[in-house]
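Trainee: One structure follows; several queries about it will come next.
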Amino acid sequence: KYWEPSIKIYRLVSASADGHLYLLINAMFIIFEHWLALQVFVLGLFIERFSYFILKNKLRRSRPQQTIPGFFSVIEANDQFSFPSGHTSAAFLATGLLATFFPLALIPLLIWAINVGISRIILGVHFPSDCLAGAALGFSISQYSLYLLA
């Protein structure tokens with residue numbers, strides 16, 4: 001019972017990386033006519049989602065609940081496989097890109113992205129290595145997208 005309040009917080013943190021936020025960010029770039037940021041963000045999301053999908057379906061790593069006897073996750077994952085963490089990857093992609101255009105936001109964005117990864121582990125849908133790989137994937141794609149367009 002003492003976990004319940006923190007589990008609710010981790011659910012919210014995890015849900016913040018579901019995808020709705022990225023649509024809102026793109027809408028804000030359009031509203032404020034920040035075309036370079038929009039182009040880099042859309043390119044980054046495209047490359048990240050494509051890479052994540054290919055890796056996840058080629059590597060086919062089982063989630064903790066399927067791997068560890070008697071283990072139960074707090075939430076139901078959206079897909080079958082675990083590696084890499086797509087939520088963490090997208091969060092680190094967004095952090096890498098947004099911090100480039102808004103440097104003062106780096107620390108809050110980094111805290112958020114790290115907590116997205118932690119939330120996925122605590123909620124029982126990823127192993128720590130899934131989230132580390134997701135962070136590396138997302139951040140490296142953010143830098144590659146910036147290299148291509150900025």
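Scheme for the structure tokens: letters A, B, ... for chains in order shown; per-chain residue numbers from 1; ligand numbers from 1 in order shown.
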Env of region 21-29 of chain A: 8 Å cut, atoms = only C-alpha atoms, seq-sep filter 6 positions within chain, self excluded. Answer as a PyMOL selection string.

Mentor: chain A and resi 35+37-38+41-42+94

Trainee: Based on the selection just made, write N, CA and C atoms of those residues as a PDB file, in the first residue's frame.

Mentor:
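Written output follows (selection_26.pdb):
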```
ATOM      1  N   TRP A  35      10.335  26.882 -37.854  1.00  0.00           N
ATOM      2  CA  TRP A  35      10.340  25.859 -38.906  1.00  0.00           C
ATOM      3  C   TRP A  35      11.525  24.910 -38.815  1.00  0.00           C
ATOM      4  N   ALA A  37      13.140  23.960 -36.083  1.00  0.00           N
ATOM      5  CA  ALA A  37      12.863  23.046 -34.971  1.00  0.00           C
ATOM      6  C   ALA A  37      11.819  22.007 -35.376  1.00  0.00           C
ATOM      7  N   LEU A  38      10.791  22.444 -36.096  1.00  0.00           N
ATOM      8  CA  LEU A  38       9.760  21.519 -36.565  1.00  0.00           C
ATOM      9  C   LEU A  38      10.353  20.466 -37.494  1.00  0.00           C
ATOM     10  N   PHE A  41      12.563  18.066 -35.501  1.00  0.00           N
ATOM     11  CA  PHE A  41      11.762  17.223 -34.614  1.00  0.00           C
ATOM     12  C   PHE A  41      11.016  16.148 -35.400  1.00  0.00           C
ATOM     13  N   VAL A  42      10.416  16.520 -36.513  1.00  0.00           N
ATOM     14  CA  VAL A  42       9.689  15.539 -37.329  1.00  0.00           C
ATOM     15  C   VAL A  42      10.656  14.496 -37.895  1.00  0.00           C
ATOM     16  N   ALA A  94      13.443  13.756 -27.666  1.00  0.00           N
ATOM     17  CA  ALA A  94      12.849  15.071 -27.422  1.00  0.00           C
ATOM     18  C   ALA A  94      13.769  15.940 -26.570  1.00  0.00           C
TER      19      ALA A  94
END
```

Trainee: At a cut-off of 9 Å, using only C-alpha atoms, what residues contact Leu137 (chain A)? Leave out same-chain residues fewer than 5 positions from it and give the result as JSON, numbers by chain.

Mentor: {"A": [48, 51, 52, 84, 88, 89, 90, 92, 93, 132, 142]}

Trainee: Just want the 10 Å neighbourhood of Gly86 (chain A), counted on only C-alpha atoms, with same-chain residues fewer than 4 positions away dropped. Output as a PyMOL selection string.

Mentor: chain A and resi 17-18+48-49+51-53+56+82+90-92+117+120+130-131+133-135+137-138

Trainee: Restricting the output to C-alpha atoms, write the selected residues as a JSON list (two decimals), in the first residue's frame.

Mentor:
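Listing of again.json after writing:
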```
[["chain", "number", "residue", "atom", "x", "y", "z"],
["A", 17, "ALA", "CA", 5.99, 9.91, -23.09],
["A", 18, "ASP", "CA", 3.11, 8.09, -24.83],
["A", 48, "GLU", "CA", 13.57, 7.16, -33.99],
["A", 49, "ARG", "CA", 10.21, 5.42, -34.46],
["A", 51, "SER", "CA", 14.70, 2.45, -35.72],
["A", 52, "TYR", "CA", 12.86, 1.51, -32.54],
["A", 53, "PHE", "CA", 10.34, -0.60, -34.48],
["A", 56, "LYS", "CA", 12.30, -4.24, -31.23],
["A", 82, "SER", "CA", 11.08, -5.14, -24.49],
["A", 90, "ALA", "CA", 11.39, 9.12, -27.55],
["A", 91, "ALA", "CA", 11.93, 11.04, -24.29],
["A", 92, "PHE", "CA", 15.69, 11.29, -24.87],
["A", 117, "GLY", "CA", 13.11, 5.43, -18.14],
["A", 120, "ARG", "CA", 9.22, 1.98, -17.23],
["A", 130, "ASP", "CA", 16.16, -1.66, -22.27],
["A", 131, "CYS", "CA", 15.97, 1.88, -20.93],
["A", 133, "ALA", "CA", 19.56, 1.38, -24.87],
["A", 134, "GLY", "CA", 16.47, 3.53, -25.45],
["A", 135, "ALA", "CA", 18.22, 6.58, -23.98],
["A", 137, "LEU", "CA", 19.12, 5.46, -29.26],
["A", 138, "GLY", "CA", 16.98, 8.55, -28.71]]
```

Trainee: Would you mind telling me which residue in A:Ile121, A:Leu98, A:Phe83, A:Ser6 lies nearest to Leu36 (chain A) when using only C-alpha atoms?

Mentor: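 Of A:Ile121, A:Leu98, A:Phe83, A:Ser6, the one nearest Leu36 (chain A), counting only C-alpha atoms, is A:Leu98.
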
Trainee: May I have the residues within 12 Å of Ile68 (chain A) as an MDAnalysis selection string, using only C-alpha atoms and disregarding those fewer than 6 positions away in the same chain?

Mentor: chainID A and resid 62 124:127

Trainee: Where does region 5-79 of chain A meet region 110-116 of chain A within 10 Å, residue by residue, with the nearest atom pair and distance in Å to one decimal for each, counting only C-alpha atoms, listed by chain and rising number, as CSV?

Mentor:
```
residue,atom,partner,partner_atom,distance
A:Tyr10,CA,A:Val116,CA,7.9
A:Arg11,CA,A:Val116,CA,9.4
A:Leu12,CA,A:Val116,CA,9.3
A:Val13,CA,A:Val116,CA,5.7
A:Ser14,CA,A:Val116,CA,5.3
A:Ala15,CA,A:Val116,CA,8.6
A:Ser16,CA,A:Val116,CA,8.0
A:Ala17,CA,A:Val116,CA,7.1
```

Trainee: Residues of the last selection are to be written out with N, CA and C atoms, as a JSON list (two decimals), in the first residue's frame.

Mentor:
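Writing done, so here's part_26.json:
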```json
[["chain", "number", "residue", "atom", "x", "y", "z"],
["A", 10, "TYR", "N", 4.54, 7.44, -11.16],
["A", 10, "TYR", "CA", 5.28, 6.78, -12.24],
["A", 10, "TYR", "C", 4.39, 6.48, -13.44],
["A", 11, "ARG", "N", 3.13, 6.19, -13.19],
["A", 11, "ARG", "CA", 2.20, 5.99, -14.31],
["A", 11, "ARG", "C", 2.06, 7.29, -15.11],
["A", 12, "LEU", "N", 1.93, 8.41, -14.40],
["A", 12, "LEU", "CA", 1.81, 9.70, -15.08],
["A", 12, "LEU", "C", 3.07, 10.05, -15.85],
["A", 13, "VAL", "N", 4.23, 9.81, -15.25],
["A", 13, "VAL", "CA", 5.50, 10.10, -15.93],
["A", 13, "VAL", "C", 5.62, 9.24, -17.17],
["A", 14, "SER", "N", 5.30, 7.97, -17.05],
["A", 14, "SER", "CA", 5.35, 7.07, -18.20],
["A", 14, "SER", "C", 4.39, 7.53, -19.29],
["A", 15, "ALA", "N", 3.18, 7.88, -18.90],
["A", 15, "ALA", "CA", 2.16, 8.32, -19.87],
["A", 15, "ALA", "C", 2.57, 9.62, -20.56],
["A", 16, "SER", "N", 3.39, 10.43, -19.90],
["A", 16, "SER", "CA", 3.81, 11.69, -20.53],
["A", 16, "SER", "C", 4.64, 11.45, -21.78],
["A", 17, "ALA", "N", 5.18, 10.25, -21.92],
["A", 17, "ALA", "CA", 5.99, 9.91, -23.09],
["A", 17, "ALA", "C", 5.23, 9.01, -24.07]]
```

Trainee: Quick check, in Å to one decimal: how far apart do CA of Gly44 (chain A) and CA of Ser129 (chain A) lie?

Mentor: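 Atom-to-atom, CA of Gly44 (chain A) to CA of Ser129 (chain A), that is 22.2 Å.
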
Trainee: So how many Å separate CA of Gly19 (chain A) and CA of His87 (chain A), to one decimal?

Mentor: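 It comes out at 8.5 Å.
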